[in-house]
file query22.cif (mmCIF, C-alpha atoms and all ligand atoms)
data_entry
loop_
_atom_site.label_atom_id
_atom_site.label_comp_id
_atom_site.auth_asym_id
_atom_site.auth_seq_id
_atom_site.Cartn_x
_atom_site.Cartn_y
_atom_site.Cartn_z
CA MET U 1 0.00 0.00 0.00
CA SER U 2 1.35 3.38 -0.91
CA ILE U 3 0.87 6.36 1.36
CA ALA U 4 1.50 9.10 -1.16
CA ALA U 5 -0.07 12.38 -0.17
CA LYS U 6 -2.51 13.98 -2.54
CA LYS U 7 -0.28 15.37 -5.24
CA ILE U 8 -0.37 18.97 -6.29
CA PRO U 9 0.23 19.07 -10.03
CA SER U 10 3.50 20.78 -10.84
CA CYS U 11 2.58 21.68 -14.38
CA SER U 12 -0.52 23.02 -16.00
CA GLU U 13 -2.93 20.94 -18.01
CA LEU U 14 -2.05 20.53 -21.65
CA THR U 15 -4.86 19.58 -23.99
CA VAL U 16 -4.82 18.87 -27.69
CA ARG U 17 -7.77 18.97 -30.02
CA LEU U 18 -8.49 19.10 -33.72
CA ASP U 19 -10.44 22.07 -34.97
CA LYS U 20 -12.52 21.97 -38.14
CA THR U 21 -13.62 25.59 -38.07
CA ASP U 22 -11.91 28.55 -39.64
CA SER U 23 -11.72 30.47 -36.39
CA SER U 24 -8.42 32.25 -36.13
CA THR U 25 -8.49 33.03 -32.42
CA GLU U 26 -8.24 30.52 -29.60
CA THR U 27 -8.62 31.64 -26.03
CA ASN U 28 -6.10 29.29 -24.45
CA ALA U 29 -3.89 28.31 -27.36
CA LEU U 30 -0.24 27.75 -26.58
CA PHE U 31 0.25 27.28 -30.33
CA ARG U 32 -1.50 25.53 -33.16
CA PHE U 33 -0.54 23.41 -36.14
CA CYS U 34 -2.09 24.38 -39.46
CA PHE U 35 -2.56 21.49 -41.87
CA GLY U 36 -1.91 22.01 -45.56
CA ARG U 37 0.07 25.22 -45.09
CA ASP U 38 3.71 26.13 -45.63
CA ALA U 39 4.14 29.56 -44.00
CA SER U 40 4.75 30.22 -40.30
CA GLU U 41 2.92 33.24 -38.93
CA GLN U 42 1.30 34.71 -35.87
CA SER U 43 -2.44 35.29 -35.95
CA ALA U 44 -3.96 38.58 -34.80
CA ASP U 45 -4.10 37.43 -31.18
CA GLY U 46 -0.40 36.47 -31.27
CA THR U 47 -0.87 32.69 -31.48
CA VAL U 48 1.94 31.04 -33.44
CA ASN U 49 0.63 29.05 -36.40
CA ILE U 50 2.93 26.15 -37.21
CA PRO U 51 2.51 25.00 -40.80
CA ILE U 52 2.33 21.32 -41.71
CA PRO U 53 2.91 21.28 -45.47
CA LEU U 54 1.00 18.07 -46.17
CA GLN U 55 -2.23 17.51 -48.04
CA VAL U 56 -5.20 16.69 -45.83
CA LEU U 57 -6.85 13.50 -47.08
CA GLY U 58 -9.34 12.73 -44.39
CA ASN U 59 -11.47 14.11 -41.62
CA GLY U 60 -11.00 17.67 -42.72
CA ALA U 61 -9.55 19.40 -39.65
CA LYS U 62 -7.79 22.67 -40.34
CA PHE U 63 -5.92 23.01 -37.07
CA GLU U 64 -4.54 21.00 -34.19
CA VAL U 65 -4.67 23.26 -31.17
CA TRP U 66 -2.42 22.81 -28.12
CA GLU U 67 -3.98 24.56 -25.15
CA THR U 68 -2.88 25.44 -21.65
CA SER U 69 -4.70 27.16 -18.81
CA GLU U 70 -1.65 29.38 -18.24
CA PRO U 71 -1.12 32.80 -19.79
CA VAL U 72 0.90 32.53 -23.00
CA HIS U 73 3.32 34.93 -24.60
CA SER U 74 4.75 34.36 -28.03
CA GLY U 75 6.75 36.02 -30.74
CA LYS U 76 9.51 35.89 -33.30
CA ILE U 77 13.04 35.10 -32.16
CA ALA U 78 14.71 35.47 -35.53
CA ASN U 79 13.65 35.60 -39.14
CA ASN U 80 12.32 32.07 -39.34
CA MET U 81 12.14 31.18 -35.67
CA PHE U 82 9.08 31.59 -33.44
CA PHE U 83 8.40 30.81 -29.80
CA ALA U 84 5.38 30.41 -27.53
CA ALA U 85 5.82 30.17 -23.78
CA SER U 86 3.79 29.72 -20.63
CA LYS U 87 4.98 28.99 -17.10
CA SER U 88 5.17 25.23 -17.76
CA TRP U 89 5.68 24.97 -21.53
CA LEU U 90 7.92 26.32 -24.27
CA MET U 91 7.50 25.79 -28.00
CA ILE U 92 10.17 26.74 -30.54
CA HIS U 93 9.53 26.46 -34.27
CA THR U 94 11.87 27.01 -37.23
CA THR U 95 11.61 26.60 -40.98
CA ALA U 96 14.27 26.67 -43.70
CA LEU U 97 14.35 26.39 -47.46
CA ILE U 98 16.48 23.56 -48.77
CA ASP U 99 17.56 22.34 -52.20
CA ASP U 100 19.83 19.68 -53.65
CA THR U 101 22.92 21.69 -52.79
CA SER U 102 21.99 21.88 -49.09
CA ASP U 103 24.10 19.96 -46.61
CA LEU U 104 21.13 18.70 -44.64
CA SER U 105 23.25 17.28 -41.85
CA SER U 106 24.96 20.62 -41.04
CA LEU U 107 21.77 22.59 -41.60
CA THR U 108 19.84 20.33 -39.20
CA GLN U 109 22.67 20.52 -36.69
CA ASP U 110 22.64 24.36 -36.86
CA ILE U 111 18.86 24.61 -36.54
CA TYR U 112 18.73 22.18 -33.61
CA ASN U 113 21.66 23.93 -31.91
CA ASN U 114 19.87 27.26 -32.16
CA MET U 115 16.60 25.83 -30.89
CA LEU U 116 18.22 23.90 -28.03
CA ASN U 117 20.10 27.05 -27.01
CA GLU U 118 16.78 28.86 -26.72
CA VAL U 119 15.35 26.06 -24.58
CA VAL U 120 18.35 26.18 -22.24
CA GLN U 121 18.45 29.98 -22.01
CA ARG U 122 14.76 30.12 -21.17
CA ASN U 123 15.20 27.45 -18.51
CA TYR U 124 12.85 24.73 -19.69
CA GLN U 125 15.01 21.68 -19.11
CA ASP U 126 12.94 18.81 -20.50
CA ILE U 127 12.42 18.55 -24.26
CA VAL U 128 9.36 16.33 -24.55
CA ARG U 129 8.38 16.38 -28.24
CA THR U 130 9.76 17.25 -31.66
CA TRP U 131 8.10 17.28 -35.08
CA ASN U 132 10.21 17.27 -38.22
CA TYR U 133 8.85 17.75 -41.75
CA ILE U 134 11.48 17.18 -44.41
CA PRO U 135 10.92 17.81 -48.13
CA GLU U 136 11.53 14.64 -50.19
CA ILE U 137 12.70 12.77 -47.10
CA ASN U 138 13.69 9.61 -49.03
CA LYS U 139 15.74 11.41 -51.71
CA GLY U 140 19.33 10.22 -52.03
CA ASP U 141 20.89 6.78 -51.75
CA GLY U 142 22.31 4.97 -48.74
CA ASP U 143 23.79 7.24 -46.12
CA SER U 144 23.19 10.32 -48.26
CA GLU U 145 19.42 9.88 -48.03
CA ARG U 146 17.91 13.08 -46.66
CA TYR U 147 16.39 11.37 -43.61
CA ARG U 148 19.73 9.83 -42.67
CA GLN U 149 21.56 13.14 -43.10
CA PHE U 150 18.89 14.84 -41.01
CA SER U 151 19.24 12.16 -38.30
CA LEU U 152 23.01 12.64 -38.29
CA GLY U 153 22.79 16.40 -37.71
CA ARG U 154 20.07 16.01 -35.07
CA ALA U 155 22.07 13.40 -33.15
CA ILE U 156 25.17 15.60 -33.05
CA ALA U 157 23.15 18.59 -31.83
CA PHE U 158 21.48 16.63 -29.01
CA GLU U 159 24.84 15.16 -28.06
CA SER U 160 26.54 18.55 -27.93
CA HIS U 161 23.78 19.75 -25.59
CA ASN U 162 24.50 16.80 -23.29
CA CYS U 163 21.05 15.40 -23.91
CA ASN U 164 21.60 11.72 -23.17
CA ILE U 165 19.48 8.93 -24.60
CA GLU U 166 17.33 8.66 -21.46
CA ALA U 167 16.16 12.24 -22.01
CA LEU U 168 15.32 12.21 -25.73
CA PRO U 169 11.93 13.60 -26.76
CA ALA U 170 9.09 11.81 -28.52
CA GLY U 171 9.40 12.48 -32.25
CA THR U 172 7.96 12.58 -35.72
CA ALA U 173 9.92 12.71 -39.00
CA ILE U 174 7.75 12.82 -42.12
CA GLY U 175 8.45 13.77 -45.72
CA SER U 176 6.73 16.61 -47.53
CA VAL U 177 6.75 17.36 -51.26
CA ALA U 178 9.60 19.11 -53.10
CA GLY U 179 9.66 22.89 -52.71
CA THR U 180 8.10 23.05 -49.25
CA ARG U 181 10.13 24.23 -46.30
CA LEU U 182 11.98 22.06 -43.80
CA GLY U 183 9.99 22.57 -40.59
CA ILE U 184 11.16 21.70 -37.09
CA THR U 185 9.17 22.21 -33.89
CA ILE U 186 10.24 21.51 -30.31
CA LEU U 187 8.06 21.38 -27.19
CA ALA U 188 9.85 21.63 -23.84
CA ALA U 189 8.60 21.48 -20.25
CA LYS U 190 9.71 23.06 -16.98
CA SER U 191 9.35 19.81 -15.07
CA ASP U 192 10.79 16.36 -15.75
CA ASN U 193 8.73 13.74 -17.51
CA ILE U 194 8.76 9.99 -18.07
CA ARG U 195 10.18 8.20 -21.15
CA VAL U 196 8.33 5.15 -22.42
CA GLU U 197 9.83 2.54 -24.73
CA ASN U 198 7.95 -0.22 -26.54
CA PRO U 199 8.68 -3.86 -25.57
CA ARG U 200 7.84 -4.87 -29.18
CA GLN U 201 10.40 -2.52 -30.68
CA MET U 202 14.08 -1.81 -30.25
CA SER U 203 14.62 1.72 -28.98
CA ALA U 204 15.18 3.89 -32.05
CA PHE U 205 18.30 5.43 -30.51
CA GLN U 206 19.77 1.91 -30.49
CA TYR U 207 19.00 0.98 -34.12
CA PRO U 208 21.97 -0.77 -35.78
CA ARG U 209 24.26 0.94 -38.31
CA GLN U 210 22.34 -0.33 -41.37
CA TYR U 211 19.76 2.47 -40.96
CA GLY U 212 22.26 5.30 -41.18
CA PRO U 213 25.40 6.86 -39.71
CA ARG U 214 23.60 7.91 -36.53
CA SER U 215 20.51 6.37 -35.00
CA PRO U 216 17.38 8.51 -34.72
CA SER U 217 17.16 10.70 -31.60
CA PHE U 218 13.72 10.01 -30.21
CA ALA U 219 11.89 8.12 -27.47
CA ARG U 220 8.85 5.99 -28.38
CA ALA U 221 6.67 8.11 -26.10
CA VAL U 222 6.88 10.70 -23.35
CA LEU U 223 4.41 10.71 -20.49
CA LEU U 224 3.66 14.17 -19.11
CA SER U 225 3.24 12.72 -15.67
CA GLN U 226 3.25 15.97 -13.71
CA CYS U 227 -0.05 17.10 -15.16
CA GLU U 228 -3.11 16.42 -13.04
CA ARG U 229 -4.40 14.32 -15.92
CA PRO U 230 -1.26 12.77 -17.39
CA VAL U 231 -0.81 13.09 -21.15
CA LEU U 232 0.98 10.54 -23.33
CA LEU U 233 2.81 11.93 -26.35
CA VAL U 234 3.22 8.98 -28.74
CA SER U 235 5.93 9.31 -31.40
CA GLY U 236 5.29 8.52 -35.01
CA THR U 237 4.71 4.76 -34.92
CA ALA U 238 4.94 2.38 -37.85
CA SER U 239 5.11 -1.29 -38.77
CA ILE U 240 8.47 -1.99 -37.14
CA LEU U 241 9.18 -5.03 -34.99
CA GLY U 242 12.53 -5.06 -33.21
CA HIS U 243 14.35 -2.80 -35.64
CA GLU U 244 12.95 -4.26 -38.86
CA SER U 245 10.19 -3.00 -41.11
CA VAL U 246 7.61 -5.78 -41.38
CA HIS U 247 4.82 -6.44 -43.93
CA THR U 248 6.59 -4.32 -46.53
CA SER U 249 4.22 -3.26 -49.31
CA LYS U 250 1.18 -4.58 -47.38
CA LEU U 251 -0.86 -1.62 -46.21
CA ILE U 252 -3.46 -3.48 -44.14
CA ASN U 253 -0.89 -5.55 -42.27
CA GLN U 254 1.28 -2.49 -41.64
CA ALA U 255 -1.70 -0.62 -40.20
CA GLU U 256 -2.54 -3.56 -37.93
CA GLU U 257 1.06 -3.89 -36.75
CA THR U 258 1.12 -0.14 -36.06
CA THR U 259 -2.04 -0.55 -33.99
CA LEU U 260 -0.44 -3.32 -31.92
CA ASN U 261 2.62 -1.13 -31.39
CA ILE U 262 0.58 1.80 -30.10
CA ILE U 263 -1.53 -0.41 -27.81
CA SER U 264 1.66 -1.98 -26.45
CA LEU U 265 3.14 1.47 -25.84
CA ARG U 266 0.02 2.66 -24.02
CA ASP U 267 0.15 -0.43 -21.78
CA ALA U 268 3.83 0.20 -21.08
CA ALA U 269 3.06 3.81 -20.15
CA LEU U 270 0.31 2.82 -17.69
CA LYS U 271 2.80 0.63 -15.84
CA GLN U 272 5.00 3.67 -15.28
CA THR U 273 2.49 5.87 -13.45
CA VAL U 274 -0.01 5.52 -10.63
CA LYS U 275 -1.85 8.58 -11.88
CA ALA U 276 -3.64 6.89 -14.76
CA GLN U 277 -5.55 3.62 -15.11
CA SER U 278 -6.39 4.04 -18.76
CA PHE U 279 -6.23 6.53 -21.59
CA SER U 280 -9.42 7.70 -23.18
CA THR U 281 -9.58 10.83 -25.25
CA GLY U 282 -7.02 10.88 -27.96
CA CYS U 283 -5.94 12.88 -30.93
CA LEU U 284 -4.28 11.03 -33.82
CA ARG U 285 -2.39 12.01 -36.94
CA ILE U 286 -2.37 9.28 -39.58
CA TYR U 287 0.22 9.65 -42.36
CA VAL U 288 -0.09 7.62 -45.56
CA ARG U 289 2.48 7.52 -48.35
CA ASP U 290 -0.06 6.83 -51.11
CA LYS U 291 -3.23 8.84 -51.51
CA ALA U 292 -5.17 5.78 -52.66
CA ASP U 293 -4.42 3.97 -49.39
CA PHE U 294 -6.34 6.47 -47.29
CA PRO U 295 -9.73 4.70 -46.91
CA LEU U 296 -8.13 1.29 -46.36
CA ALA U 297 -5.68 2.72 -43.81
CA VAL U 298 -8.51 4.23 -41.76
CA ASP U 299 -10.43 0.96 -41.94
CA SER U 300 -7.39 -1.09 -40.89
CA LEU U 301 -6.71 1.18 -37.92
CA LYS U 302 -10.20 0.61 -36.50
CA LYS U 303 -8.94 -0.74 -33.18
CA LEU U 304 -7.25 2.62 -32.59
CA LEU U 305 -10.15 4.68 -33.84
CA HIS U 306 -12.89 3.07 -31.72
CA ASN U 307 -12.56 2.76 -27.96
CA SER U 308 -14.66 0.35 -25.94
CA ASP U 309 -16.04 3.25 -23.88
CA HIS U 310 -17.29 5.07 -27.01
CA SER U 311 -14.80 7.90 -26.53
CA ALA U 312 -13.52 7.71 -30.08
CA PRO U 313 -10.29 9.60 -30.54
CA ASP U 314 -10.29 12.39 -33.05
CA TYR U 315 -8.03 11.93 -36.06
CA ILE U 316 -6.78 13.48 -39.27
CA VAL U 317 -5.27 11.74 -42.30
CA LEU U 318 -2.36 13.40 -44.08
CA LEU U 319 -0.43 12.58 -47.25
CA GLY U 320 3.23 12.22 -46.28
CA ASP U 321 6.29 10.09 -46.89
CA ILE U 322 7.34 7.79 -44.07
CA CYS U 323 11.06 8.03 -43.26
CA ARG U 324 11.82 4.45 -44.33
CA SER U 325 10.90 3.95 -47.97
CA ASP U 326 9.46 0.49 -47.26
CA LEU U 327 6.81 1.87 -44.88
CA LEU U 328 3.37 3.00 -46.07
CA VAL U 329 1.64 4.26 -42.95
CA GLU U 330 2.56 5.91 -39.66
CA VAL U 331 0.47 7.13 -36.73
CA GLU U 332 1.27 9.58 -33.95
CA ALA U 333 -1.01 10.26 -31.02
CA VAL U 334 -1.72 12.28 -27.93
CA TYR U 335 -3.69 10.46 -25.22
CA GLN U 336 -5.12 11.96 -22.09
CA ALA U 337 -5.54 9.82 -18.97
CA SER U 338 -9.19 8.95 -18.37
CA HIS U 339 -9.34 10.62 -15.01
CA ALA U 340 -7.01 11.75 -12.27
CA LEU U 341 -6.82 9.36 -9.35
CA ALA U 342 -6.81 10.34 -5.73
CA GLY U 343 -3.31 10.41 -4.32
CA ASN U 344 -3.42 7.25 -2.21
CA THR U 345 -4.00 4.66 -4.89
CA ALA U 346 -1.71 1.67 -4.73
CA SER U 347 -0.04 0.47 -7.89
CA ALA U 348 1.32 -2.93 -8.83
C1 LIG S 401 10.56 4.35 -36.61
O1 LIG S 401 9.93 3.85 -35.68
C2 LIG S 401 9.76 4.98 -37.70
O2 LIG S 401 13.40 10.12 -36.72
O3 LIG S 401 12.20 11.38 -35.43
C3 LIG S 401 9.16 7.55 -36.28
C4 LIG S 401 9.13 8.63 -35.40
C5 LIG S 401 10.24 7.40 -37.12
C6 LIG S 401 10.17 9.54 -35.35
C7 LIG S 401 12.36 10.36 -36.11
C8 LIG S 401 11.28 8.33 -37.08
C9 LIG S 401 11.26 9.39 -36.20
O4 LIG S 401 11.79 4.30 -36.70
C10 LIG S 401 10.30 6.28 -38.11
#
call {"tool": "encode", "arguments": {"input": "query22.cif", "output": "structure tokens", "more": "lines below"}}
Ligand code: 3EB
result
Amino acid sequence: MSIAAKKIPSCSELTVRLDKTDSSTETNALFRFCFGRDASEQSADGTVNIPIPLQVLGNGAKFEVWETSEPVHSGKIANNMFFAASKSWLMIHTTALIDDTSDLSSLTQDIYNNMLNEVVQRNYQDIVRTWNYIPEINKGDGDSERYRQFSLGRAIAFESHNCNIEALPAGTAIGSVAGTRLGITILAAKSDNIRVENPRQMSAFQYPRQYGPRSPSFARAVLLSQCERPVLLVSGTASILGHESVHTSKLINQAEETTLNIISLRDAALKQTVKAQSFSTGCLRIYVRDKADFPLAVDSLKKLLHNSDHSAPDYIVLLGDICRSDLLVEVEAVYQASHALAGNTASA
């Protein structure tokens, strides 16, 4: 029996929801992602709009809004760098134009160094989430593939900021079409949070050499455990078992394997906190490589899209390239714990 006192949350609530309306002002927005756009901007009320330059295939949301109950201030740090901050949370977002002459490894390293410097200077020690959108992510052969060069630069930047593998953020790396901007977004927290790995998968930061000169710098999920209702930030998840892509060129099987991976990750997360017994409300981004796969992908992900308690998670389907060319579908998610428990609940 545990005798924990009733816990006072040490960070504010963070909620995520998809928005289908055109409304350009949000009362409590920390920031919001704008699907199908390529330009970063601040709306009239100051909210930073983070573009996701991918075509929306399904479910028609225009925005994904990240909200906090805390007051937010935001602005431009440099030409292509924006921030949004509250007491508990800091978001930094950067875009850059790239072409075939770009050294994507050094460019990524520079961008990450600049963003990580901001995080450190502003005193938010825990980087919990990154999103990376990379034009033509699978262009180039072997180690010169854009994704691998990106991963190389990112790994060096995290390393030079003494971010060890136990502190890596949850991540997404998805390809956009030629001519769009490289877009990188970081979310950091004031308080420390819990890393969750998936028993079905090798940790990405331990992938063997065959996937590139440096393994990808991300955790499978990060649990924002200090919130009164814990929030699970699930990285982009695909049909990978151990370190290998499985069911290559089989969309339905890949979607089902992805589902099993996310369920396994949720179960692993619940074992790491006494503050949640289950996750209910969720918000999912589904990425498909081929437009034509969209209806079948949604159908094959049904176990993720229908909960037993009827609290169906909200989702959007986007056209994007998965970072391994043999993968056809990837899903990322945000799950909120069903309810906060009283402080004196025993855990196994
Ligand atoms: C994987 O599991 C699939 O490099 O930031 C998923 C999520 C993937 C994030 C990243 C890559 C990244 O390896 C690819």
call {"tool": "closest_residue", "arguments": {"input": "query22.cif", "among": "U:Tyr112, U:Trp89, U:Phe35, U:Tyr207", "to": "ligand LIG 401 (chain S)", "atoms": "all atoms listed in the file"}}
result
U:Tyr207
call {"tool": "closest_atom_pairs", "arguments": {"input": "query22.cif", "of": "chain U", "to": "ligand LIG 401 (chain S)", "cutoff": "9 Å", "atoms": "all atoms listed in the file", "output": "CSV"}}
result
residue,atom,partner,partner_atom,distance
U:Thr130,CA,S:LIG401,O3,7.4
U:Trp131,CA,S:LIG401,O3,7.2
U:Asn132,CA,S:LIG401,O3,6.8
U:Tyr147,CA,S:LIG401,O2,7.6
U:Arg148,CA,S:LIG401,O2,8.7
U:Phe150,CA,S:LIG401,O2,8.4
U:Ser151,CA,S:LIG401,O2,6.4
U:Pro169,CA,S:LIG401,O3,9.0
U:Ala170,CA,S:LIG401,C6,7.3
U:Gly171,CA,S:LIG401,C6,4.3
U:Thr172,CA,S:LIG401,C6,3.8
U:Ala173,CA,S:LIG401,O3,4.4
U:Ile174,CA,S:LIG401,C8,7.6
U:Gln201,CA,S:LIG401,O1,8.1
U:Met202,CA,S:LIG401,O1,8.9
U:Ser203,CA,S:LIG401,O1,8.5
U:Ala204,CA,S:LIG401,O4,5.8
U:Tyr207,CA,S:LIG401,O4,8.3
U:Ser215,CA,S:LIG401,O2,8.2
U:Pro216,CA,S:LIG401,O2,4.7
U:Ser217,CA,S:LIG401,O3,6.3
U:Phe218,CA,S:LIG401,O3,5.6
U:Ala219,CA,S:LIG401,C6,8.2
U:Arg220,CA,S:LIG401,C4,7.5
U:Val234,CA,S:LIG401,C4,8.9
U:Ser235,CA,S:LIG401,C4,5.2
U:Gly236,CA,S:LIG401,C4,3.9
U:Thr237,CA,S:LIG401,O1,5.4
U:Ala238,CA,S:LIG401,C2,5.5
U:Ser239,CA,S:LIG401,O1,7.7
U:Ile240,CA,S:LIG401,O1,6.2
U:Leu241,CA,S:LIG401,O1,8.9
U:His243,CA,S:LIG401,O4,7.6
U:Glu244,CA,S:LIG401,O4,8.9
U:Ser245,CA,S:LIG401,C1,8.6
U:Ile322,CA,S:LIG401,C10,6.8
U:Cys323,CA,S:LIG401,C10,5.5
U:Arg324,CA,S:LIG401,C10,6.7
U:Leu327,CA,S:LIG401,C2,8.4
U:Glu330,CA,S:LIG401,C2,7.5
U:Val331,CA,S:LIG401,C3,8.7
U:Glu332,CA,S:LIG401,C4,8.0
call {"tool": "closest_residue", "arguments": {"input": "query22.cif", "among": "U:Asn114, U:Thr248, U:Ser264, U:Ser69", "to": "Thr27 in chain U", "atoms": "all atoms listed in the file"}}
result
U:Ser69
call {"tool": "closest_residue", "arguments": {"input": "query22.cif", "among": "U:Glu41, U:Val56, U:Arg154, U:Met91", "to": "Asn79 in chain U", "atoms": "all atoms listed in the file"}}
result
U:Glu41
call {"tool": "residues_around", "arguments": {"input": "query22.cif", "residues": "Ala268 in chain U", "least_positions_apart": "5", "cutoff": "9 Å", "atoms": "all atoms listed in the file", "output": "CSV table (one decimal) with C-alpha atoms, keeping the file's coordinate frame"}}
result
chain,number,residue,atom,x,y,z
U,196,VAL,CA,8.3,5.2,-22.4
U,197,GLU,CA,9.8,2.5,-24.7
U,198,ASN,CA,8.0,-0.2,-26.5
U,199,PRO,CA,8.7,-3.9,-25.6
U,263,ILE,CA,-1.5,-0.4,-27.8
call {"tool": "residues_around", "arguments": {"input": "query22.cif", "residues": "Ser74 in chain U", "least_positions_apart": "2", "cutoff": "12 Å", "atoms": "all atoms listed in the file", "output": "list in words"}}
result
Ala29, Leu30, Phe31, Arg32, Glu41, Gln42, Ser43, Ala44, Asp45, Gly46, Thr47, Val48, Asn49, Pro71, Val72, Lys76, Ile77, Met81, Phe82, Phe83, Ala84, Ala85, Ser86, Trp89, Leu90, Met91, Ile92 and His93 of chain U
call {"tool": "write_last_selection", "arguments": {"input": "query22.cif", "atoms": "C-alpha atoms", "output": "CSV table (one decimal), in the frame of the given file"}}
result
chain,number,residue,atom,x,y,z
U,29,ALA,CA,-3.9,28.3,-27.4
U,30,LEU,CA,-0.2,27.8,-26.6
U,31,PHE,CA,0.2,27.3,-30.3
U,32,ARG,CA,-1.5,25.5,-33.2
U,41,GLU,CA,2.9,33.2,-38.9
U,42,GLN,CA,1.3,34.7,-35.9
U,43,SER,CA,-2.4,35.3,-36.0
U,44,ALA,CA,-4.0,38.6,-34.8
U,45,ASP,CA,-4.1,37.4,-31.2
U,46,GLY,CA,-0.4,36.5,-31.3
U,47,THR,CA,-0.9,32.7,-31.5
U,48,VAL,CA,1.9,31.0,-33.4
U,49,ASN,CA,0.6,29.0,-36.4
U,71,PRO,CA,-1.1,32.8,-19.8
U,72,VAL,CA,0.9,32.5,-23.0
U,76,LYS,CA,9.5,35.9,-33.3
U,77,ILE,CA,13.0,35.1,-32.2
U,81,MET,CA,12.1,31.2,-35.7
U,82,PHE,CA,9.1,31.6,-33.4
U,83,PHE,CA,8.4,30.8,-29.8
U,84,ALA,CA,5.4,30.4,-27.5
U,85,ALA,CA,5.8,30.2,-23.8
U,86,SER,CA,3.8,29.7,-20.6
U,89,TRP,CA,5.7,25.0,-21.5
U,90,LEU,CA,7.9,26.3,-24.3
U,91,MET,CA,7.5,25.8,-28.0
U,92,ILE,CA,10.2,26.7,-30.5
U,93,HIS,CA,9.5,26.5,-34.3
call {"tool": "residues_around", "arguments": {"input": "query22.cif", "residues": "Thr108 in chain U", "least_positions_apart": "6", "cutoff": "12 Å", "atoms": "only C-alpha atoms", "output": "PyMOL selection string"}}
result
chain U and resi 94-98+102+114-116+132-134+146-158+182-184
call {"tool": "closest_residue", "arguments": {"input": "query22.cif", "among": "U:Cys34, U:Asn28, U:Ser338, U:Asn138", "to": "Leu270 in chain U", "atoms": "only C-alpha atoms"}}
result
U:Ser338
call {"tool": "closest_residue", "arguments": {"input": "query22.cif", "among": "U:Asn123, U:Thr273, U:Ser144, U:Ser176", "to": "Gly320 in chain U", "atoms": "all atoms listed in the file"}}
result
U:Ser176
call {"tool": "atom_distance", "arguments": {"input": "query22.cif", "atom1": "CA of Lys139 in chain U", "atom2": "CA of Asn59 in chain U"}}
result
29.1 Å
